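**Q** One file is attached below, data02.cif, containing mmCIF, N, CA and C atoms, pLDDT in the B column; chains and numbers go by the auth columns.
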```cif
data_start
#
loop_
_atom_site.group_PDB
_atom_site.id
_atom_site.type_symbol
_atom_site.label_atom_id
_atom_site.label_comp_id
_atom_site.label_asym_id
_atom_site.label_seq_id
_atom_site.Cartn_x
_atom_site.Cartn_y
_atom_site.Cartn_z
_atom_site.B_iso_or_equiv
_atom_site.auth_seq_id
_atom_site.auth_asym_id
ATOM 1 N N MET A 1 0.823 -1.193 0.000 71.00 20 M
ATOM 2 C CA MET A 1 0.000 0.000 0.000 71.00 20 M
ATOM 3 C C MET A 1 0.870 1.261 0.000 71.00 20 M
ATOM 4 N N THR A 2 1.923 1.276 0.782 84.00 21 M
ATOM 5 C CA THR A 2 2.786 2.458 0.803 84.00 21 M
ATOM 6 C C THR A 2 3.525 2.624 -0.513 84.00 21 M
ATOM 7 N N ASP A 3 3.852 1.525 -1.199 93.00 22 M
ATOM 8 C CA ASP A 3 4.517 1.640 -2.496 93.00 22 M
ATOM 9 C C ASP A 3 3.616 2.367 -3.492 93.00 22 M
ATOM 10 N N ARG A 4 2.350 2.021 -3.489 93.00 23 M
ATOM 11 C CA ARG A 4 1.392 2.671 -4.395 93.00 23 M
ATOM 12 C C ARG A 4 1.258 4.146 -4.027 93.00 23 M
ATOM 13 N N LYS A 5 1.142 4.427 -2.757 94.00 24 M
ATOM 14 C CA LYS A 5 1.008 5.803 -2.287 94.00 24 M
ATOM 15 C C LYS A 5 2.245 6.621 -2.672 94.00 24 M
ATOM 16 N N GLU A 6 3.404 6.028 -2.494 94.00 25 M
ATOM 17 C CA GLU A 6 4.661 6.691 -2.845 94.00 25 M
ATOM 18 C C GLU A 6 4.729 6.934 -4.355 94.00 25 M
ATOM 19 N N TYR A 7 4.319 5.927 -5.132 95.00 26 M
ATOM 20 C CA TYR A 7 4.299 6.068 -6.591 95.00 26 M
ATOM 21 C C TYR A 7 3.388 7.227 -7.001 95.00 26 M
ATOM 22 N N LEU A 8 2.179 7.283 -6.437 94.00 27 M
ATOM 23 C CA LEU A 8 1.232 8.344 -6.786 94.00 27 M
ATOM 24 C C LEU A 8 1.764 9.718 -6.383 94.00 27 M
ATOM 25 N N ASN A 9 2.378 9.808 -5.218 94.00 28 M
ATOM 26 C CA ASN A 9 2.955 11.083 -4.787 94.00 28 M
ATOM 27 C C ASN A 9 4.048 11.533 -5.750 94.00 28 M
ATOM 28 N N ASN A 10 4.909 10.620 -6.143 94.00 29 M
ATOM 29 C CA ASN A 10 5.976 10.949 -7.095 94.00 29 M
ATOM 30 C C ASN A 10 5.406 11.341 -8.450 94.00 29 M
ATOM 31 N N TYR A 11 4.389 10.612 -8.899 95.00 30 M
ATOM 32 C CA TYR A 11 3.749 10.923 -10.178 95.00 30 M
ATOM 33 C C TYR A 11 3.187 12.348 -10.153 95.00 30 M
ATOM 34 N N HIS A 12 2.474 12.675 -9.082 94.00 31 M
ATOM 35 C CA HIS A 12 1.881 14.007 -8.972 94.00 31 M
ATOM 36 C C HIS A 12 2.949 15.089 -8.955 94.00 31 M
ATOM 37 N N LYS A 13 4.045 14.850 -8.262 95.00 32 M
ATOM 38 C CA LYS A 13 5.130 15.834 -8.205 95.00 32 M
ATOM 39 C C LYS A 13 5.771 16.042 -9.571 95.00 32 M
ATOM 40 N N GLU A 14 5.930 14.967 -10.328 96.00 33 M
ATOM 41 C CA GLU A 14 6.624 15.030 -11.620 96.00 33 M
ATOM 42 C C GLU A 14 5.727 15.461 -12.773 96.00 33 M
ATOM 43 N N LYS A 15 4.457 15.073 -12.758 96.00 34 M
ATOM 44 C CA LYS A 15 3.602 15.232 -13.936 96.00 34 M
ATOM 45 C C LYS A 15 2.505 16.280 -13.818 96.00 34 M
ATOM 46 N N LEU A 16 2.166 16.694 -12.611 95.00 35 M
ATOM 47 C CA LEU A 16 1.026 17.587 -12.450 95.00 35 M
ATOM 48 C C LEU A 16 1.455 18.915 -11.850 95.00 35 M
ATOM 49 N N LYS A 17 0.714 19.945 -12.187 96.00 36 M
ATOM 50 C CA LYS A 17 0.931 21.270 -11.613 96.00 36 M
ATOM 51 C C LYS A 17 -0.404 21.757 -11.069 96.00 36 M
ATOM 52 N N ARG A 18 -0.466 22.045 -9.797 94.00 37 M
ATOM 53 C CA ARG A 18 -1.682 22.578 -9.183 94.00 37 M
ATOM 54 C C ARG A 18 -1.761 24.061 -9.474 94.00 37 M
ATOM 55 N N VAL A 19 -2.953 24.509 -9.819 96.00 38 M
ATOM 56 C CA VAL A 19 -3.175 25.911 -10.124 96.00 38 M
ATOM 57 C C VAL A 19 -4.295 26.414 -9.209 96.00 38 M
ATOM 58 N N PRO A 20 -3.928 27.184 -8.199 96.00 39 M
ATOM 59 C CA PRO A 20 -4.966 27.727 -7.315 96.00 39 M
ATOM 60 C C PRO A 20 -5.873 28.689 -8.088 96.00 39 M
ATOM 61 N N LEU A 21 -7.139 28.643 -7.806 96.00 40 M
ATOM 62 C CA LEU A 21 -8.096 29.497 -8.494 96.00 40 M
ATOM 63 C C LEU A 21 -9.080 30.023 -7.461 96.00 40 M
ATOM 64 N N ASP A 22 -9.092 31.306 -7.272 98.00 41 M
ATOM 65 C CA ASP A 22 -10.011 31.919 -6.314 98.00 41 M
ATOM 66 C C ASP A 22 -11.267 32.375 -7.034 98.00 41 M
ATOM 67 N N LEU A 23 -12.409 31.925 -6.529 97.00 42 M
ATOM 68 C CA LEU A 23 -13.715 32.302 -7.076 97.00 42 M
ATOM 69 C C LEU A 23 -14.610 32.715 -5.926 97.00 42 M
ATOM 70 N N THR A 24 -15.539 33.608 -6.203 98.00 43 M
ATOM 71 C CA THR A 24 -16.539 33.878 -5.176 98.00 43 M
ATOM 72 C C THR A 24 -17.379 32.611 -5.023 98.00 43 M
ATOM 73 N N LYS A 25 -17.961 32.442 -3.873 98.00 44 M
ATOM 74 C CA LYS A 25 -18.788 31.254 -3.641 98.00 44 M
ATOM 75 C C LYS A 25 -19.956 31.205 -4.613 98.00 44 M
ATOM 76 N N GLU A 26 -20.519 32.373 -4.907 98.00 45 M
ATOM 77 C CA GLU A 26 -21.662 32.437 -5.829 98.00 45 M
ATOM 78 C C GLU A 26 -21.260 31.999 -7.235 98.00 45 M
ATOM 79 N N TYR A 27 -20.089 32.450 -7.694 98.00 46 M
ATOM 80 C CA TYR A 27 -19.630 32.078 -9.031 98.00 46 M
ATOM 81 C C TYR A 27 -19.286 30.593 -9.086 98.00 46 M
ATOM 82 N N TYR A 28 -18.668 30.078 -8.029 98.00 47 M
ATOM 83 C CA TYR A 28 -18.364 28.642 -7.973 98.00 47 M
ATOM 84 C C TYR A 28 -19.652 27.826 -8.071 98.00 47 M
ATOM 85 N N GLU A 29 -20.687 28.247 -7.361 98.00 48 M
ATOM 86 C CA GLU A 29 -21.957 27.511 -7.399 98.00 48 M
ATOM 87 C C GLU A 29 -22.562 27.535 -8.794 98.00 48 M
ATOM 88 N N LYS A 30 -22.409 28.656 -9.529 98.00 49 M
ATOM 89 C CA LYS A 30 -22.896 28.723 -10.914 98.00 49 M
ATOM 90 C C LYS A 30 -22.135 27.733 -11.787 98.00 49 M
ATOM 91 N N ILE A 31 -20.821 27.679 -11.613 98.00 50 M
ATOM 92 C CA ILE A 31 -19.990 26.754 -12.386 98.00 50 M
ATOM 93 C C ILE A 31 -20.357 25.317 -12.042 98.00 50 M
ATOM 94 N N LYS A 32 -20.522 25.051 -10.762 98.00 51 M
ATOM 95 C CA LYS A 32 -20.861 23.687 -10.300 98.00 51 M
ATOM 96 C C LYS A 32 -22.198 23.234 -10.890 98.00 51 M
ATOM 97 N N LEU A 33 -23.194 24.099 -10.849 98.00 52 M
ATOM 98 C CA LEU A 33 -24.505 23.761 -11.405 98.00 52 M
ATOM 99 C C LEU A 33 -24.407 23.529 -12.909 98.00 52 M
ATOM 100 N N HIS A 34 -23.712 24.400 -13.592 98.00 53 M
ATOM 101 C CA HIS A 34 -23.537 24.268 -15.044 98.00 53 M
ATOM 102 C C HIS A 34 -22.867 22.936 -15.397 98.00 53 M
ATOM 103 N N SER A 35 -21.804 22.605 -14.676 98.00 54 M
ATOM 104 C CA SER A 35 -21.087 21.361 -14.979 98.00 54 M
ATOM 105 C C SER A 35 -21.933 20.134 -14.629 98.00 54 M
ATOM 106 N N GLN A 36 -22.688 20.197 -13.538 98.00 55 M
ATOM 107 C CA GLN A 36 -23.542 19.068 -13.163 98.00 55 M
ATOM 108 C C GLN A 36 -24.635 18.830 -14.195 98.00 55 M
ATOM 109 N N GLU A 37 -25.156 19.906 -14.775 98.00 56 M
ATOM 110 C CA GLU A 37 -26.187 19.777 -15.806 98.00 56 M
ATOM 111 C C GLU A 37 -25.659 19.046 -17.032 98.00 56 M
ATOM 112 N N ARG A 38 -24.346 19.043 -17.190 97.00 57 M
ATOM 113 C CA ARG A 38 -23.713 18.371 -18.319 97.00 57 M
ATOM 114 C C ARG A 38 -22.985 17.098 -17.895 97.00 57 M
ATOM 115 N N SER A 39 -23.311 16.609 -16.704 98.00 58 M
ATOM 116 C CA SER A 39 -22.689 15.386 -16.152 98.00 58 M
ATOM 117 C C SER A 39 -21.168 15.481 -16.186 98.00 58 M
ATOM 118 N N GLU A 40 -20.669 16.606 -15.733 98.00 59 M
ATOM 119 C CA GLU A 40 -19.245 16.881 -15.775 98.00 59 M
ATOM 120 C C GLU A 40 -18.811 17.383 -14.401 98.00 59 M
ATOM 121 N N SER A 41 -17.590 17.101 -14.029 98.00 60 M
ATOM 122 C CA SER A 41 -17.064 17.654 -12.784 98.00 60 M
ATOM 123 C C SER A 41 -16.676 19.105 -13.009 98.00 60 M
ATOM 124 N N VAL A 42 -16.553 19.853 -11.923 97.00 61 M
ATOM 125 C CA VAL A 42 -16.100 21.245 -12.028 97.00 61 M
ATOM 126 C C VAL A 42 -14.705 21.270 -12.646 97.00 61 M
ATOM 127 N N ASN A 43 -13.838 20.395 -12.189 97.00 62 M
ATOM 128 C CA ASN A 43 -12.478 20.309 -12.713 97.00 62 M
ATOM 129 C C ASN A 43 -12.498 20.012 -14.210 97.00 62 M
ATOM 130 N N GLY A 44 -13.303 19.045 -14.610 97.00 63 M
ATOM 131 C CA GLY A 44 -13.406 18.684 -16.019 97.00 63 M
ATOM 132 C C GLY A 44 -13.940 19.830 -16.856 97.00 63 M
ATOM 133 N N PHE A 45 -14.936 20.540 -16.324 98.00 64 M
ATOM 134 C CA PHE A 45 -15.498 21.676 -17.053 98.00 64 M
ATOM 135 C C PHE A 45 -14.452 22.768 -17.236 98.00 64 M
ATOM 136 N N ILE A 46 -13.722 23.094 -16.185 97.00 65 M
ATOM 137 C CA ILE A 46 -12.707 24.149 -16.276 97.00 65 M
ATOM 138 C C ILE A 46 -11.635 23.765 -17.290 97.00 65 M
ATOM 139 N N LYS A 47 -11.191 22.513 -17.259 97.00 66 M
ATOM 140 C CA LYS A 47 -10.181 22.061 -18.221 97.00 66 M
ATOM 141 C C LYS A 47 -10.710 22.141 -19.653 97.00 66 M
ATOM 142 N N ARG A 48 -11.965 21.747 -19.855 97.00 67 M
ATOM 143 C CA ARG A 48 -12.567 21.803 -21.189 97.00 67 M
ATOM 144 C C ARG A 48 -12.702 23.243 -21.645 97.00 67 M
ATOM 145 N N ALA A 49 -13.141 24.123 -20.755 97.00 68 M
ATOM 146 C CA ALA A 49 -13.305 25.529 -21.107 97.00 68 M
ATOM 147 C C ALA A 49 -11.969 26.144 -21.520 97.00 68 M
ATOM 148 N N ILE A 50 -10.918 25.813 -20.791 97.00 69 M
ATOM 149 C CA ILE A 50 -9.587 26.328 -21.137 97.00 69 M
ATOM 150 C C ILE A 50 -9.151 25.777 -22.488 97.00 69 M
ATOM 151 N N SER A 51 -9.308 24.479 -22.672 98.00 70 M
ATOM 152 C CA SER A 51 -8.881 23.836 -23.916 98.00 70 M
ATOM 153 C C SER A 51 -9.627 24.401 -25.124 98.00 70 M
ATOM 154 N N GLU A 52 -10.953 24.527 -24.999 97.00 71 M
ATOM 155 C CA GLU A 52 -11.742 25.052 -26.115 97.00 71 M
ATOM 156 C C GLU A 52 -11.400 26.508 -26.406 97.00 71 M
ATOM 157 N N THR A 53 -11.143 27.293 -25.385 97.00 72 M
ATOM 158 C CA THR A 53 -10.774 28.692 -25.581 97.00 72 M
ATOM 159 C C THR A 53 -9.427 28.793 -26.273 97.00 72 M
ATOM 160 N N MET A 54 -8.465 27.972 -25.864 97.00 73 M
ATOM 161 C CA MET A 54 -7.153 27.986 -26.503 97.00 73 M
ATOM 162 C C MET A 54 -7.274 27.590 -27.968 97.00 73 M
ATOM 163 N N GLU A 55 -8.065 26.556 -28.271 96.00 74 M
ATOM 164 C CA GLU A 55 -8.258 26.140 -29.662 96.00 74 M
ATOM 165 C C GLU A 55 -8.856 27.276 -30.478 96.00 74 M
ATOM 166 N N ARG A 56 -9.897 27.908 -29.930 95.00 75 M
ATOM 167 C CA ARG A 56 -10.551 29.012 -30.634 95.00 75 M
ATOM 168 C C ARG A 56 -9.595 30.180 -30.837 95.00 75 M
ATOM 169 N N ASP A 57 -8.831 30.528 -29.805 95.00 76 M
ATOM 170 C CA ASP A 57 -7.860 31.625 -29.922 95.00 76 M
ATOM 171 C C ASP A 57 -6.815 31.323 -30.973 95.00 76 M
ATOM 172 N N ASN A 58 -6.356 30.086 -31.040 95.00 77 M
ATOM 173 C CA ASN A 58 -5.325 29.717 -32.010 95.00 77 M
ATOM 174 C C ASN A 58 -5.881 29.661 -33.430 95.00 77 M
ATOM 175 N N SER A 59 -7.146 29.379 -33.604 93.00 78 M
ATOM 176 C CA SER A 59 -7.714 29.328 -34.941 93.00 78 M
ATOM 177 C C SER A 59 -7.992 30.730 -35.474 93.00 78 M
ATOM 178 N N ASP A 60 -7.996 31.721 -34.611 76.00 79 M
ATOM 179 C CA ASP A 60 -8.216 33.112 -35.020 76.00 79 M
ATOM 180 C C ASP A 60 -6.967 33.729 -35.644 76.00 79 M
ATOM 181 N N LYS A 61 -5.843 33.083 -35.524 69.00 80 M
ATOM 182 C CA LYS A 61 -4.572 33.655 -36.009 69.00 80 M
ATOM 183 C C LYS A 61 -4.481 33.597 -37.514 69.00 80 M
#
```
For this file, produce the structure as structure tokens.

**A**
Amino acid sequence: MTDRKEYLNNYHKEKLKRVPLDLTKEYYEKIKLHSQERSESVNGFIKRAISETMERDNSDK
């Protein structure tokens, strides 16, 4: 069990970057409701929104 935990900790340190995001509680609740209506997590929705915006911005060039 500790080997798996150690592996996951190392993976997160090497492969992931946490990005703190401050939102008002009201805005977070709007995002949460929107994502739930689409059977999506808040995290998944934010990642999709960023990805789609980047694609759109790059196609405008």

**Q** Which of chain M counts as helix (DSSP H, G or I) under DSSP, as a PDB file with N, CA and C atoms, keeping the file's coordinate frame please?

**A**
```pdb
ATOM      1  N   THR M  21       1.923   1.276   0.782  1.00 84.00           N
ATOM      2  CA  THR M  21       2.786   2.458   0.803  1.00 84.00           C
ATOM      3  C   THR M  21       3.525   2.624  -0.513  1.00 84.00           C
ATOM      4  N   ASP M  22       3.852   1.525  -1.199  1.00 93.00           N
ATOM      5  CA  ASP M  22       4.517   1.640  -2.496  1.00 93.00           C
ATOM      6  C   ASP M  22       3.616   2.367  -3.492  1.00 93.00           C
ATOM      7  N   ARG M  23       2.350   2.021  -3.489  1.00 93.00           N
ATOM      8  CA  ARG M  23       1.392   2.671  -4.395  1.00 93.00           C
ATOM      9  C   ARG M  23       1.258   4.146  -4.027  1.00 93.00           C
ATOM     10  N   LYS M  24       1.142   4.427  -2.757  1.00 94.00           N
ATOM     11  CA  LYS M  24       1.008   5.803  -2.287  1.00 94.00           C
ATOM     12  C   LYS M  24       2.245   6.621  -2.672  1.00 94.00           C
ATOM     13  N   GLU M  25       3.404   6.028  -2.494  1.00 94.00           N
ATOM     14  CA  GLU M  25       4.661   6.691  -2.845  1.00 94.00           C
ATOM     15  C   GLU M  25       4.729   6.934  -4.355  1.00 94.00           C
ATOM     16  N   TYR M  26       4.319   5.927  -5.132  1.00 95.00           N
ATOM     17  CA  TYR M  26       4.299   6.068  -6.591  1.00 95.00           C
ATOM     18  C   TYR M  26       3.388   7.227  -7.001  1.00 95.00           C
ATOM     19  N   LEU M  27       2.179   7.283  -6.437  1.00 94.00           N
ATOM     20  CA  LEU M  27       1.232   8.344  -6.786  1.00 94.00           C
ATOM     21  C   LEU M  27       1.764   9.718  -6.383  1.00 94.00           C
ATOM     22  N   ASN M  28       2.378   9.808  -5.218  1.00 94.00           N
ATOM     23  CA  ASN M  28       2.955  11.083  -4.787  1.00 94.00           C
ATOM     24  C   ASN M  28       4.048  11.533  -5.750  1.00 94.00           C
ATOM     25  N   ASN M  29       4.909  10.620  -6.143  1.00 94.00           N
ATOM     26  CA  ASN M  29       5.976  10.949  -7.095  1.00 94.00           C
ATOM     27  C   ASN M  29       5.406  11.341  -8.450  1.00 94.00           C
ATOM     28  N   TYR M  30       4.389  10.612  -8.899  1.00 95.00           N
ATOM     29  CA  TYR M  30       3.749  10.923 -10.178  1.00 95.00           C
ATOM     30  C   TYR M  30       3.187  12.348 -10.153  1.00 95.00           C
ATOM     31  N   HIS M  31       2.474  12.675  -9.082  1.00 94.00           N
ATOM     32  CA  HIS M  31       1.881  14.007  -8.972  1.00 94.00           C
ATOM     33  C   HIS M  31       2.949  15.089  -8.955  1.00 94.00           C
ATOM     34  N   LYS M  32       4.045  14.850  -8.262  1.00 95.00           N
ATOM     35  CA  LYS M  32       5.130  15.834  -8.205  1.00 95.00           C
ATOM     36  C   LYS M  32       5.771  16.042  -9.571  1.00 95.00           C
ATOM     37  N   GLU M  33       5.930  14.967 -10.328  1.00 96.00           N
ATOM     38  CA  GLU M  33       6.624  15.030 -11.620  1.00 96.00           C
ATOM     39  C   GLU M  33       5.727  15.461 -12.773  1.00 96.00           C
ATOM     40  N   LYS M  34       4.457  15.073 -12.758  1.00 96.00           N
ATOM     41  CA  LYS M  34       3.602  15.232 -13.936  1.00 96.00           C
ATOM     42  C   LYS M  34       2.505  16.280 -13.818  1.00 96.00           C
ATOM     43  N   LYS M  44     -17.961  32.442  -3.873  1.00 98.00           N
ATOM     44  CA  LYS M  44     -18.788  31.254  -3.641  1.00 98.00           C
ATOM     45  C   LYS M  44     -19.956  31.205  -4.613  1.00 98.00           C
ATOM     46  N   GLU M  45     -20.519  32.373  -4.907  1.00 98.00           N
ATOM     47  CA  GLU M  45     -21.662  32.437  -5.829  1.00 98.00           C
ATOM     48  C   GLU M  45     -21.260  31.999  -7.235  1.00 98.00           C
ATOM     49  N   TYR M  46     -20.089  32.450  -7.694  1.00 98.00           N
ATOM     50  CA  TYR M  46     -19.630  32.078  -9.031  1.00 98.00           C
ATOM     51  C   TYR M  46     -19.286  30.593  -9.086  1.00 98.00           C
ATOM     52  N   TYR M  47     -18.668  30.078  -8.029  1.00 98.00           N
ATOM     53  CA  TYR M  47     -18.364  28.642  -7.973  1.00 98.00           C
ATOM     54  C   TYR M  47     -19.652  27.826  -8.071  1.00 98.00           C
ATOM     55  N   GLU M  48     -20.687  28.247  -7.361  1.00 98.00           N
ATOM     56  CA  GLU M  48     -21.957  27.511  -7.399  1.00 98.00           C
ATOM     57  C   GLU M  48     -22.562  27.535  -8.794  1.00 98.00           C
ATOM     58  N   LYS M  49     -22.409  28.656  -9.529  1.00 98.00           N
ATOM     59  CA  LYS M  49     -22.896  28.723 -10.914  1.00 98.00           C
ATOM     60  C   LYS M  49     -22.135  27.733 -11.787  1.00 98.00           C
ATOM     61  N   ILE M  50     -20.821  27.679 -11.613  1.00 98.00           N
ATOM     62  CA  ILE M  50     -19.990  26.754 -12.386  1.00 98.00           C
ATOM     63  C   ILE M  50     -20.357  25.317 -12.042  1.00 98.00           C
ATOM     64  N   LYS M  51     -20.522  25.051 -10.762  1.00 98.00           N
ATOM     65  CA  LYS M  51     -20.861  23.687 -10.300  1.00 98.00           C
ATOM     66  C   LYS M  51     -22.198  23.234 -10.890  1.00 98.00           C
ATOM     67  N   LEU M  52     -23.194  24.099 -10.849  1.00 98.00           N
ATOM     68  CA  LEU M  52     -24.505  23.761 -11.405  1.00 98.00           C
ATOM     69  C   LEU M  52     -24.407  23.529 -12.909  1.00 98.00           C
ATOM     70  N   HIS M  53     -23.712  24.400 -13.592  1.00 98.00           N
ATOM     71  CA  HIS M  53     -23.537  24.268 -15.044  1.00 98.00           C
ATOM     72  C   HIS M  53     -22.867  22.936 -15.397  1.00 98.00           C
ATOM     73  N   SER M  54     -21.804  22.605 -14.676  1.00 98.00           N
ATOM     74  CA  SER M  54     -21.087  21.361 -14.979  1.00 98.00           C
ATOM     75  C   SER M  54     -21.933  20.134 -14.629  1.00 98.00           C
ATOM     76  N   GLN M  55     -22.688  20.197 -13.538  1.00 98.00           N
ATOM     77  CA  GLN M  55     -23.542  19.068 -13.163  1.00 98.00           C
ATOM     78  C   GLN M  55     -24.635  18.830 -14.195  1.00 98.00           C
ATOM     79  N   GLU M  56     -25.156  19.906 -14.775  1.00 98.00           N
ATOM     80  CA  GLU M  56     -26.187  19.777 -15.806  1.00 98.00           C
ATOM     81  C   GLU M  56     -25.659  19.046 -17.032  1.00 98.00           C
ATOM     82  N   VAL M  61     -16.553  19.853 -11.923  1.00 97.00           N
ATOM     83  CA  VAL M  61     -16.100  21.245 -12.028  1.00 97.00           C
ATOM     84  C   VAL M  61     -14.705  21.270 -12.646  1.00 97.00           C
ATOM     85  N   ASN M  62     -13.838  20.395 -12.189  1.00 97.00           N
ATOM     86  CA  ASN M  62     -12.478  20.309 -12.713  1.00 97.00           C
ATOM     87  C   ASN M  62     -12.498  20.012 -14.210  1.00 97.00           C
ATOM     88  N   GLY M  63     -13.303  19.045 -14.610  1.00 97.00           N
ATOM     89  CA  GLY M  63     -13.406  18.684 -16.019  1.00 97.00           C
ATOM     90  C   GLY M  63     -13.940  19.830 -16.856  1.00 97.00           C
ATOM     91  N   PHE M  64     -14.936  20.540 -16.324  1.00 98.00           N
ATOM     92  CA  PHE M  64     -15.498  21.676 -17.053  1.00 98.00           C
ATOM     93  C   PHE M  64     -14.452  22.768 -17.236  1.00 98.00           C
ATOM     94  N   ILE M  65     -13.722  23.094 -16.185  1.00 97.00           N
ATOM     95  CA  ILE M  65     -12.707  24.149 -16.276  1.00 97.00           C
ATOM     96  C   ILE M  65     -11.635  23.765 -17.290  1.00 97.00           C
ATOM     97  N   LYS M  66     -11.191  22.513 -17.259  1.00 97.00           N
ATOM     98  CA  LYS M  66     -10.181  22.061 -18.221  1.00 97.00           C
ATOM     99  C   LYS M  66     -10.710  22.141 -19.653  1.00 97.00           C
ATOM    100  N   ARG M  67     -11.965  21.747 -19.855  1.00 97.00           N
ATOM    101  CA  ARG M  67     -12.567  21.803 -21.189  1.00 97.00           C
ATOM    102  C   ARG M  67     -12.702  23.243 -21.645  1.00 97.00           C
ATOM    103  N   ALA M  68     -13.141  24.123 -20.755  1.00 97.00           N
ATOM    104  CA  ALA M  68     -13.305  25.529 -21.107  1.00 97.00           C
ATOM    105  C   ALA M  68     -11.969  26.144 -21.520  1.00 97.00           C
ATOM    106  N   ILE M  69     -10.918  25.813 -20.791  1.00 97.00           N
ATOM    107  CA  ILE M  69      -9.587  26.328 -21.137  1.00 97.00           C
ATOM    108  C   ILE M  69      -9.151  25.777 -22.488  1.00 97.00           C
ATOM    109  N   SER M  70      -9.308  24.479 -22.672  1.00 98.00           N
ATOM    110  CA  SER M  70      -8.881  23.836 -23.916  1.00 98.00           C
ATOM    111  C   SER M  70      -9.627  24.401 -25.124  1.00 98.00           C
ATOM    112  N   GLU M  71     -10.953  24.527 -24.999  1.00 97.00           N
ATOM    113  CA  GLU M  71     -11.742  25.052 -26.115  1.00 97.00           C
ATOM    114  C   GLU M  71     -11.400  26.508 -26.406  1.00 97.00           C
ATOM    115  N   THR M  72     -11.143  27.293 -25.385  1.00 97.00           N
ATOM    116  CA  THR M  72     -10.774  28.692 -25.581  1.00 97.00           C
ATOM    117  C   THR M  72      -9.427  28.793 -26.273  1.00 97.00           C
ATOM    118  N   MET M  73      -8.465  27.972 -25.864  1.00 97.00           N
ATOM    119  CA  MET M  73      -7.153  27.986 -26.503  1.00 97.00           C
ATOM    120  C   MET M  73      -7.274  27.590 -27.968  1.00 97.00           C
ATOM    121  N   GLU M  74      -8.065  26.556 -28.271  1.00 96.00           N
ATOM    122  CA  GLU M  74      -8.258  26.140 -29.662  1.00 96.00           C
ATOM    123  C   GLU M  74      -8.856  27.276 -30.478  1.00 96.00           C
ATOM    124  N   ARG M  75      -9.897  27.908 -29.930  1.00 95.00           N
ATOM    125  CA  ARG M  75     -10.551  29.012 -30.634  1.00 95.00           C
ATOM    126  C   ARG M  75      -9.595  30.180 -30.837  1.00 95.00           C
ATOM    127  N   ASP M  76      -8.831  30.528 -29.805  1.00 95.00           N
ATOM    128  CA  ASP M  76      -7.860  31.625 -29.922  1.00 95.00           C
ATOM    129  C   ASP M  76      -6.815  31.323 -30.973  1.00 95.00           C
ATOM    130  N   ASN M  77      -6.356  30.086 -31.040  1.00 95.00           N
ATOM    131  CA  ASN M  77      -5.325  29.717 -32.010  1.00 95.00           C
ATOM    132  C   ASN M  77      -5.881  29.661 -33.430  1.00 95.00           C
ATOM    133  N   SER M  78      -7.146  29.379 -33.604  1.00 93.00           N
ATOM    134  CA  SER M  78      -7.714  29.328 -34.941  1.00 93.00           C
ATOM    135  C   SER M  78      -7.992  30.730 -35.474  1.00 93.00           C
TER     136      SER M  78
END
```

**Q** Would you write out, as number ranges by chain, every residue that the PyMOL selection byres (((chain M and resi 59-73 and name CA) around 12) and name CA) captures in this file?

**A** M: 37-40, 46-58, 74-80

**Q** If the box runs along x, y and z of the file and leaves 5 Å on each side of region 71-76 of chain M, what are its centre and edge lengths in Å, one decimal, as JSON?

**A**
```
{"center_x": -9.3, "center_y": 28.1, "center_z": -28.0, "size_x": 14.9, "size_y": 17.1, "size_z": 16.0}
```

**Q** In Å to one decimal, how far is atom N of Leu42 (chain M) from CA of Leu27 (chain M)?

**A** 27.2 Å

**Q** As an exercise, work out the distance from CA of Glu25 (chain M) to atom N of Asp41 (chain M) in Å and give it to one decimal place.

**A** 28.5 Å
